[in-house]
file target-v2.cif (mmCIF, C-alpha atoms and all ligand atoms)
data_start
#
loop_
_atom_site.label_atom_id
_atom_site.label_comp_id
_atom_site.auth_asym_id
_atom_site.auth_seq_id
_atom_site.Cartn_x
_atom_site.Cartn_y
_atom_site.Cartn_z
CA MET A 1457 -16.27 16.39 -10.26
CA PRO A 1458 -12.86 14.76 -10.60
CA GLU A 1459 -11.50 13.39 -7.33
CA LEU A 1460 -8.34 12.42 -5.53
CA VAL A 1461 -9.21 9.15 -3.81
CA PHE A 1462 -6.92 7.38 -1.35
CA PHE A 1463 -7.61 3.64 -1.10
CA SER A 1464 -5.82 2.56 2.03
CA GLY A 1465 -5.44 -0.55 4.13
CA THR A 1466 -2.86 -2.86 5.57
CA MET A 1467 -0.47 -4.85 3.44
CA ASP A 1468 -2.10 -7.78 1.64
CA CYS A 1469 -5.67 -6.43 1.74
CA GLY A 1470 -6.14 -6.20 -2.03
CA LYS A 1471 -5.11 -2.64 -2.89
CA SER A 1472 -3.10 -3.52 -6.00
CA THR A 1473 -5.81 -5.93 -7.11
CA LEU A 1474 -8.36 -3.13 -6.90
CA ALA A 1475 -5.99 -0.78 -8.76
CA LEU A 1476 -5.74 -3.36 -11.57
CA GLN A 1477 -9.52 -3.84 -11.60
CA ILE A 1478 -10.15 -0.10 -11.86
CA GLU A 1479 -7.63 0.05 -14.70
CA HIS A 1480 -9.19 -2.97 -16.43
CA ASN A 1481 -12.77 -1.64 -16.21
CA ARG A 1482 -11.82 1.78 -17.55
CA SER A 1483 -9.64 0.51 -20.35
CA ALA A 1484 -12.41 -1.94 -21.32
CA ARG A 1485 -14.53 1.14 -22.00
CA GLY A 1486 -11.86 2.77 -24.15
CA LEU A 1487 -10.43 5.06 -21.48
CA GLN A 1488 -6.69 5.44 -21.05
CA GLY A 1489 -4.86 5.92 -17.78
CA ILE A 1490 -1.40 6.75 -16.59
CA ILE A 1491 -0.27 4.19 -14.03
CA PHE A 1492 2.39 5.26 -11.55
CA THR A 1493 4.10 2.97 -9.10
CA ARG A 1494 7.19 2.90 -6.96
CA ASP A 1495 9.19 -0.04 -5.57
CA ASP A 1496 6.68 -2.76 -6.38
CA ARG A 1497 7.90 -6.20 -5.27
CA ALA A 1498 7.65 -7.44 -8.88
CA GLY A 1499 10.36 -5.00 -9.98
CA GLU A 1500 10.83 -1.63 -11.59
CA GLY A 1501 7.91 -0.28 -13.61
CA LYS A 1502 5.46 -2.98 -12.52
CA LEU A 1503 2.13 -2.95 -10.74
CA SER A 1504 1.53 -6.42 -9.35
CA SER A 1505 -1.08 -8.16 -7.26
CA ARG A 1506 -0.71 -11.34 -5.22
CA LEU A 1507 -3.55 -12.76 -7.29
CA GLY A 1508 -0.96 -13.09 -10.06
CA LEU A 1509 -1.86 -10.14 -12.24
CA VAL A 1510 0.86 -7.74 -13.25
CA ARG A 1511 1.06 -4.85 -15.70
CA ASP A 1512 3.55 -2.23 -16.78
CA ALA A 1513 3.56 1.11 -15.02
CA VAL A 1514 5.62 4.27 -14.83
CA GLU A 1515 8.24 3.91 -12.10
CA VAL A 1516 8.28 7.16 -10.13
CA ALA A 1517 11.75 8.54 -9.40
CA ASP A 1518 12.92 10.68 -6.50
CA GLY A 1519 12.13 14.30 -7.22
CA GLN A 1520 10.06 13.54 -10.31
CA ASP A 1521 7.22 16.02 -10.87
CA LEU A 1522 4.09 13.96 -11.50
CA TYR A 1523 2.04 16.96 -12.64
CA VAL A 1524 4.70 17.84 -15.23
CA TYR A 1525 4.79 14.18 -16.33
CA VAL A 1526 1.04 14.21 -17.07
CA VAL A 1527 1.19 17.63 -18.78
CA ASP A 1528 4.13 16.50 -20.96
CA HIS A 1529 2.28 13.30 -21.84
CA LEU A 1530 -0.80 15.30 -22.92
CA SER A 1531 1.14 17.96 -24.77
CA GLN A 1532 2.98 15.28 -26.77
CA GLY A 1533 -0.39 14.04 -28.03
CA GLY A 1534 -0.81 11.29 -25.44
CA ARG A 1535 -4.17 10.61 -23.89
CA ALA A 1536 -4.96 10.42 -20.18
CA ASP A 1537 -8.45 10.05 -18.78
CA TYR A 1538 -7.41 9.15 -15.23
CA VAL A 1539 -4.33 8.43 -13.12
CA ILE A 1540 -3.57 5.49 -10.83
CA ALA A 1541 -0.75 5.61 -8.27
CA ASP A 1542 0.09 2.35 -6.50
CA GLU A 1543 2.47 2.04 -3.52
CA ALA A 1544 1.58 5.69 -2.91
CA GLN A 1545 3.05 5.53 0.60
CA PHE A 1546 6.47 5.69 -1.08
CA LEU A 1547 5.73 8.99 -2.85
CA ALA A 1548 7.04 12.23 -1.38
CA PRO A 1549 4.47 14.65 0.06
CA VAL A 1550 5.23 17.12 -2.74
CA GLN A 1551 4.37 14.41 -5.29
CA ILE A 1552 0.97 13.98 -3.60
CA ASP A 1553 0.45 17.74 -3.99
CA GLN A 1554 1.27 17.29 -7.68
CA LEU A 1555 -1.37 14.54 -7.95
CA ALA A 1556 -3.92 16.89 -6.33
CA ARG A 1557 -3.01 19.47 -8.96
CA VAL A 1558 -3.66 16.89 -11.69
CA VAL A 1559 -7.20 16.60 -10.31
CA ASP A 1560 -7.79 20.33 -9.85
CA ASP A 1561 -6.02 21.80 -12.89
CA LEU A 1562 -6.32 18.98 -15.45
CA GLY A 1563 -9.69 17.61 -14.35
CA LEU A 1564 -8.56 13.97 -14.09
CA ASP A 1565 -9.56 11.47 -11.43
CA VAL A 1566 -6.57 10.24 -9.45
CA TYR A 1567 -6.80 6.92 -7.60
CA ALA A 1568 -3.99 6.39 -5.09
CA PHE A 1569 -3.39 3.09 -3.30
CA GLY A 1570 -1.15 2.53 -0.33
CA ILE A 1571 -0.60 1.50 3.24
CA THR A 1572 -1.13 4.29 5.75
CA THR A 1573 1.29 3.37 8.50
CA ASP A 1574 4.69 1.71 8.68
CA PHE A 1575 5.94 -1.15 10.85
CA ARG A 1576 6.14 1.23 13.83
CA SER A 1577 2.54 2.34 13.21
CA LYS A 1578 3.75 5.79 12.13
CA LEU A 1579 2.30 7.48 9.07
CA PHE A 1580 4.34 7.36 5.87
CA PRO A 1581 4.87 11.00 4.80
CA GLY A 1582 3.17 10.35 1.43
CA SER A 1583 0.18 8.71 3.12
CA GLN A 1584 -0.08 11.55 5.61
CA ARG A 1585 -0.29 14.01 2.73
CA LEU A 1586 -2.92 11.86 1.04
CA VAL A 1587 -5.06 11.85 4.19
CA GLU A 1588 -4.65 15.64 4.29
CA LEU A 1589 -5.51 16.25 0.63
CA ALA A 1590 -7.77 13.44 -0.61
CA ASP A 1591 -11.39 14.13 -1.45
CA ARG A 1592 -12.12 10.66 -0.08
CA VAL A 1593 -10.23 8.04 1.89
CA GLU A 1594 -11.60 4.57 1.22
CA VAL A 1595 -10.75 1.66 3.48
CA LEU A 1596 -10.71 -1.59 1.53
CA GLN A 1597 -13.62 -3.92 2.16
CA VAL A 1598 -11.65 -7.18 2.09
CA GLU A 1599 -10.24 -7.41 5.58
CA ALA A 1600 -6.82 -8.87 6.14
CA LEU A 1601 -6.87 -10.86 9.36
CA CYS A 1602 -4.54 -11.08 12.33
CA TRP A 1603 -3.50 -14.59 13.38
CA CYS A 1604 -6.08 -14.31 16.21
CA GLY A 1605 -8.89 -13.83 13.70
CA ALA A 1606 -9.49 -10.16 14.45
CA ARG A 1607 -9.35 -7.59 11.70
CA ALA A 1608 -5.73 -6.68 10.93
CA THR A 1609 -5.17 -2.95 11.19
CA HIS A 1610 -1.39 -2.75 11.57
CA ASN A 1611 1.71 -3.87 9.68
CA ALA A 1612 4.50 -5.61 11.57
CA ARG A 1613 8.02 -6.15 10.25
CA THR A 1614 9.45 -9.49 11.25
CA VAL A 1615 12.86 -11.12 11.39
CA GLY A 1616 12.76 -14.83 12.00
CA GLY A 1617 9.07 -14.47 12.73
CA GLU A 1618 9.63 -12.01 15.58
CA MET A 1619 8.41 -8.43 15.33
CA VAL A 1620 11.12 -5.77 15.12
CA VAL A 1621 10.72 -2.06 15.82
CA GLU A 1622 14.10 -0.73 14.68
CA GLY A 1623 15.16 -0.11 11.09
CA ALA A 1624 14.62 2.03 8.01
CA GLN A 1625 11.08 3.07 7.23
CA VAL A 1626 11.27 1.66 3.71
CA VAL A 1627 12.28 -1.98 3.20
CA VAL A 1628 10.52 -3.57 0.23
CA GLY A 1629 9.23 -7.00 1.20
CA ASP A 1630 6.31 -9.35 1.51
CA VAL A 1631 4.14 -11.26 3.94
CA ASN A 1632 4.59 -15.04 4.30
CA HIS A 1633 8.35 -15.02 4.08
CA SER A 1634 10.38 -17.93 5.33
CA ALA A 1635 11.29 -17.74 8.99
CA ASP A 1636 14.85 -16.40 8.61
CA GLU A 1637 14.09 -13.52 6.26
CA ILE A 1638 12.92 -9.99 6.86
CA GLY A 1639 9.20 -10.09 6.21
CA TYR A 1640 5.92 -8.55 7.18
CA GLU A 1641 2.83 -9.74 9.03
CA VAL A 1642 -0.47 -7.97 9.48
CA LEU A 1643 -1.77 -7.82 13.05
CA CYS A 1644 -4.64 -6.35 15.04
CA ARG A 1645 -3.69 -3.39 17.20
CA ARG A 1646 -3.69 -5.45 20.40
CA HIS A 1647 -1.12 -7.90 19.06
CA HIS A 1648 0.91 -5.18 17.34
CA ARG A 1649 1.18 -3.35 20.68
CA ARG A 1650 2.22 -6.58 22.39
CA ARG A 1651 4.57 -7.44 19.52
CA MET A 1652 2.91 -10.81 19.28
CA THR A 1653 3.22 -12.39 15.86
CA ALA A 1654 1.87 -15.78 14.80
CA ALA A 1655 5.29 -17.31 15.50
CA SER A 1656 5.67 -15.76 18.94
CA ALA A 1657 2.09 -16.71 19.85
CA ARG A 1658 2.86 -20.31 18.84
CA ALA A 1659 6.04 -20.30 20.87
CA ALA A 1660 4.22 -18.86 23.90
CA ALA A 1661 1.53 -21.53 23.61
CA LEU A 1662 4.22 -24.23 23.69
CA SER A 1663 6.10 -22.72 26.61
CA PRO A 1664 6.24 -24.96 29.72
CA ASP A 1665 4.64 -22.10 31.71
CA VAL A 1666 1.39 -22.49 29.85
CA LEU A 1667 1.36 -26.22 29.17
CA PRO A 1668 -1.49 -28.09 30.86
CA VAL A 1669 -0.67 -29.61 34.26
CA GLY A 1670 0.91 -33.03 33.88
CA SER A 1671 2.40 -32.48 30.44
CA THR A 1672 6.15 -32.98 30.07
N1 LIG B 1 -4.52 -17.80 -3.84
C1 LIG B 1 -5.39 -16.81 -3.60
N2 LIG B 1 -6.70 -17.01 -3.77
C2 LIG B 1 -7.60 -16.03 -3.54
N3 LIG B 1 -7.26 -14.80 -3.14
C3 LIG B 1 -5.97 -14.55 -2.95
C4 LIG B 1 -4.96 -15.52 -3.17
N4 LIG B 1 -3.76 -14.97 -2.90
C5 LIG B 1 -4.02 -13.70 -2.53
N5 LIG B 1 -5.35 -13.45 -2.55
C6 LIG B 1 -6.05 -12.20 -2.22
O1 LIG B 1 -5.25 -11.14 -2.63
C7 LIG B 1 -5.15 -10.20 -1.55
C8 LIG B 1 -3.83 -9.46 -1.70
O2 LIG B 1 -3.92 -8.69 -2.87
P1 LIG B 1 -2.89 -7.56 -3.24
O3 LIG B 1 -3.58 -6.72 -4.27
O4 LIG B 1 -1.58 -8.17 -3.62
O5 LIG B 1 -2.77 -6.79 -1.84
P2 LIG B 1 -2.10 -5.39 -1.45
O6 LIG B 1 -1.79 -4.64 -2.71
O7 LIG B 1 -3.12 -4.71 -0.59
O8 LIG B 1 -0.87 -5.74 -0.66
C9 LIG B 1 -5.28 -11.03 -0.30
O9 LIG B 1 -5.83 -10.30 0.79
C10 LIG B 1 -6.30 -12.08 -0.74
O10 LIG B 1 -7.61 -11.58 -0.57
C1 LIG B 2 4.91 -1.87 6.79
C2 LIG B 2 5.97 -1.47 5.82
C3 LIG B 2 5.93 -1.93 4.53
N1 LIG B 2 6.91 -1.58 3.67
C4 LIG B 2 6.88 -2.08 2.28
C5 LIG B 2 6.72 -3.57 2.12
C6 LIG B 2 6.08 -3.68 0.75
O1 LIG B 2 7.13 -3.66 -0.22
C7 LIG B 2 5.23 -2.41 0.64
C8 LIG B 2 3.77 -2.65 0.86
O2 LIG B 2 3.26 -3.34 -0.24
P1 LIG B 2 1.78 -3.99 -0.26
O3 LIG B 2 1.50 -4.11 -1.73
O4 LIG B 2 0.85 -3.06 0.44
O5 LIG B 2 1.88 -5.31 0.42
O6 LIG B 2 5.73 -1.54 1.65
C9 LIG B 2 7.93 -0.73 4.06
O7 LIG B 2 8.80 -0.38 3.25
N2 LIG B 2 7.98 -0.28 5.32
C10 LIG B 2 7.04 -0.62 6.25
O8 LIG B 2 7.13 -0.19 7.41
#
call {"tool": "encode", "arguments": {"input": "target-v2.cif", "output": "structure tokens"}}
result
Amino acid sequence: MPELVFFSGTMDCGKSTLALQIEHNRSARGLQGIIFTRDDRAGEGKLSSRLGLVRDAVEVADGQDLYVYVVDHLSQGGRADYVIADEAQFLAPVQIDQLARVVDDLGLDVYAFGITTDFRSKLFPGSQRLVELADRVEVLQVEALCWCGARATHNARTVGGEMVVEGAQVVVGDVNHSADEIGYEVLCRRHHRRRMTAASARAAALSPDVLPVGST
């Protein structure tokens, strides 16, 4: 049975790498996929992984009907054996419904990849719809780690290394940014709740309040 599968995890846990591997393994066996993405850091119409791999993809636009895109592709003689959608958190809920229709009405597997929650630990609307509709939700096996060593489960947005909780839901960016820039850091829930990033933990450790007795 064809399936809608949602591969989810924090930022930097290997989602795009897995998307590229699934694509590679299927195309190595002569299958052809349609690859959707939206707002990848590498630029428009790209699916990129931090491991350095990048490939072309269809950049999804606001209001674009993904079911109609696949039907048009097929009716113009194109081939599609499966569909991959990366950065699926940026898709609108209605576009997730269209992907479910691709599974149910066209009989294609759809593999969607994305982060579930934003920097405020609220569901992205597209991810919420995926959790509601997916046949399976798969949490990635490679764990991203919080600075404390615990499994990272949450995404923090940082400015100058400090966690912020105000701002637009969508700001394209990356982990490991230089201190002054807007960036992201993955944290365990405990440290996300306490807004304690690697930089603020370092600063707290150096604070005179916690220095050993006798130190200057
Ligand atoms: N230099 C490296 N050597 C080995 N693995 C790396 C390296 N850089 C990144 N990675 C792996 O790539 C993962 C990020 O992959 P990526 O597909 O870009 O993540 P996501 O799409 O989930 O944000 C990291 O968790 C890490 O496992
Ligand atoms: C938490 C959070 C993330 N984003 C953006 C930042 C990146 O461009 C993508 C996630 O990409 P990745 O391949 O999973 O690393 O999402 C955002 O816009 N808003 C957020 O709250």
call {"tool": "axis_aligned_box", "arguments": {"input": "target-v2.cif", "around": "ligand LIG 1 (chain B)", "padding_each_side": "6 Å", "output": "lines of an AutoDock Vina configuration file"}}
result
center_x = -4.2
center_y = -11.2
center_z = -1.7
size_x = 18.7
size_y = 25.2
size_z = 17.1
call {"tool": "closest_residue", "arguments": {"input": "target-v2.cif", "among": "A:Phe1546, A:Phe1569, A:Phe1462, A:Phe1492", "to": "Asp1512 (chain A)", "atoms": "all atoms listed in the file"}}
result
A:Phe1492
call {"tool": "closest_residue", "arguments": {"input": "target-v2.cif", "among": "A:His1480, A:Arg1585, A:Arg1650, A:Arg1497", "to": "ligand LIG 2 (chain B)", "atoms": "all atoms listed in the file"}}
result
A:Arg1497
call {"tool": "closest_residue", "arguments": {"input": "target-v2.cif", "among": "A:Cys1602, A:Leu1579, A:Ala1544, A:Ala1590", "to": "Arg1557 (chain A)", "atoms": "only C-alpha atoms"}}
result
A:Ala1590
call {"tool": "residues_near_point", "arguments": {"input": "target-v2.cif", "point": "(3.2, -14.0, 14.0)", "cutoff": "7 Å", "atoms": "only C-alpha atoms", "output": "VMD selection string"}}
result
chain A and resid 1603 1617 to 1618 1641 1652 to 1657
call {"tool": "residues_near_ligand", "arguments": {"input": "target-v2.cif", "ligand": "ligand LIG 2 (chain B)", "cutoff": "8 Å", "atoms": "all atoms listed in the file", "output": "ChimeraX atom specification"}}
result
/A:1465-1472,1495-1497,1504-1505,1543,1545-1546,1570-1571,1573-1577,1610-1613,1624-1631,1640
call {"tool": "closest_residue", "arguments": {"input": "target-v2.cif", "among": "A:Gln1584, A:Gln1532, A:Gln1597, A:Thr1614", "to": "ligand LIG 1 (chain B)", "atoms": "all atoms listed in the file"}}
result
A:Gln1597
call {"tool": "closest_residue", "arguments": {"input": "target-v2.cif", "among": "A:Gln1488, A:Thr1473, A:Ser1663, A:Ser1583", "to": "ligand LIG 1 (chain B)", "atoms": "all atoms listed in the file"}}
result
A:Thr1473
call {"tool": "closest_residue", "arguments": {"input": "target-v2.cif", "among": "A:Leu1476, A:Cys1644, A:Val1587, A:Phe1580", "to": "Arg1607 (chain A)", "atoms": "all atoms listed in the file"}}
result
A:Cys1644
call {"tool": "residues_around", "arguments": {"input": "target-v2.cif", "residues": "Ala1475 (chain A)", "least_positions_apart": "6", "cutoff": "8 Å", "atoms": "all atoms listed in the file", "output": "list of chain:residue names"}}
result
A:Ile1540, A:Asp1542, A:Tyr1567, A:Phe1569
call {"tool": "residues_around", "arguments": {"input": "target-v2.cif", "residues": "Val1524 (chain A)", "least_positions_apart": "5", "cutoff": "10 Å", "atoms": "only C-alpha atoms", "output": "mmCIF file with C-alpha atoms, in the coordinates of the input"}}
result
data_model
loop_
_atom_site.group_PDB
_atom_site.id
_atom_site.type_symbol
_atom_site.label_atom_id
_atom_site.label_comp_id
_atom_site.auth_asym_id
_atom_site.auth_seq_id
_atom_site.Cartn_x
_atom_site.Cartn_y
_atom_site.Cartn_z
ATOM 1 C CA HIS A 1529 2.280 13.300 -21.840
ATOM 2 C CA LEU A 1530 -0.800 15.300 -22.920
ATOM 3 C CA GLN A 1554 1.270 17.290 -7.680
ATOM 4 C CA VAL A 1558 -3.660 16.890 -11.690
#
call {"tool": "atom_distance", "arguments": {"input": "target-v2.cif", "atom1": "CA of Val1621 (chain A)", "atom2": "atom O3 of ligand LIG 1 (chain B)"}}
result
25.1 Å
call {"tool": "residues_near_point", "arguments": {"input": "target-v2.cif", "point": "(-5.9, -9.2, 16.9)", "cutoff": "8 Å", "atoms": "all atoms listed in the file", "output": "count of residues only"}}
result
14
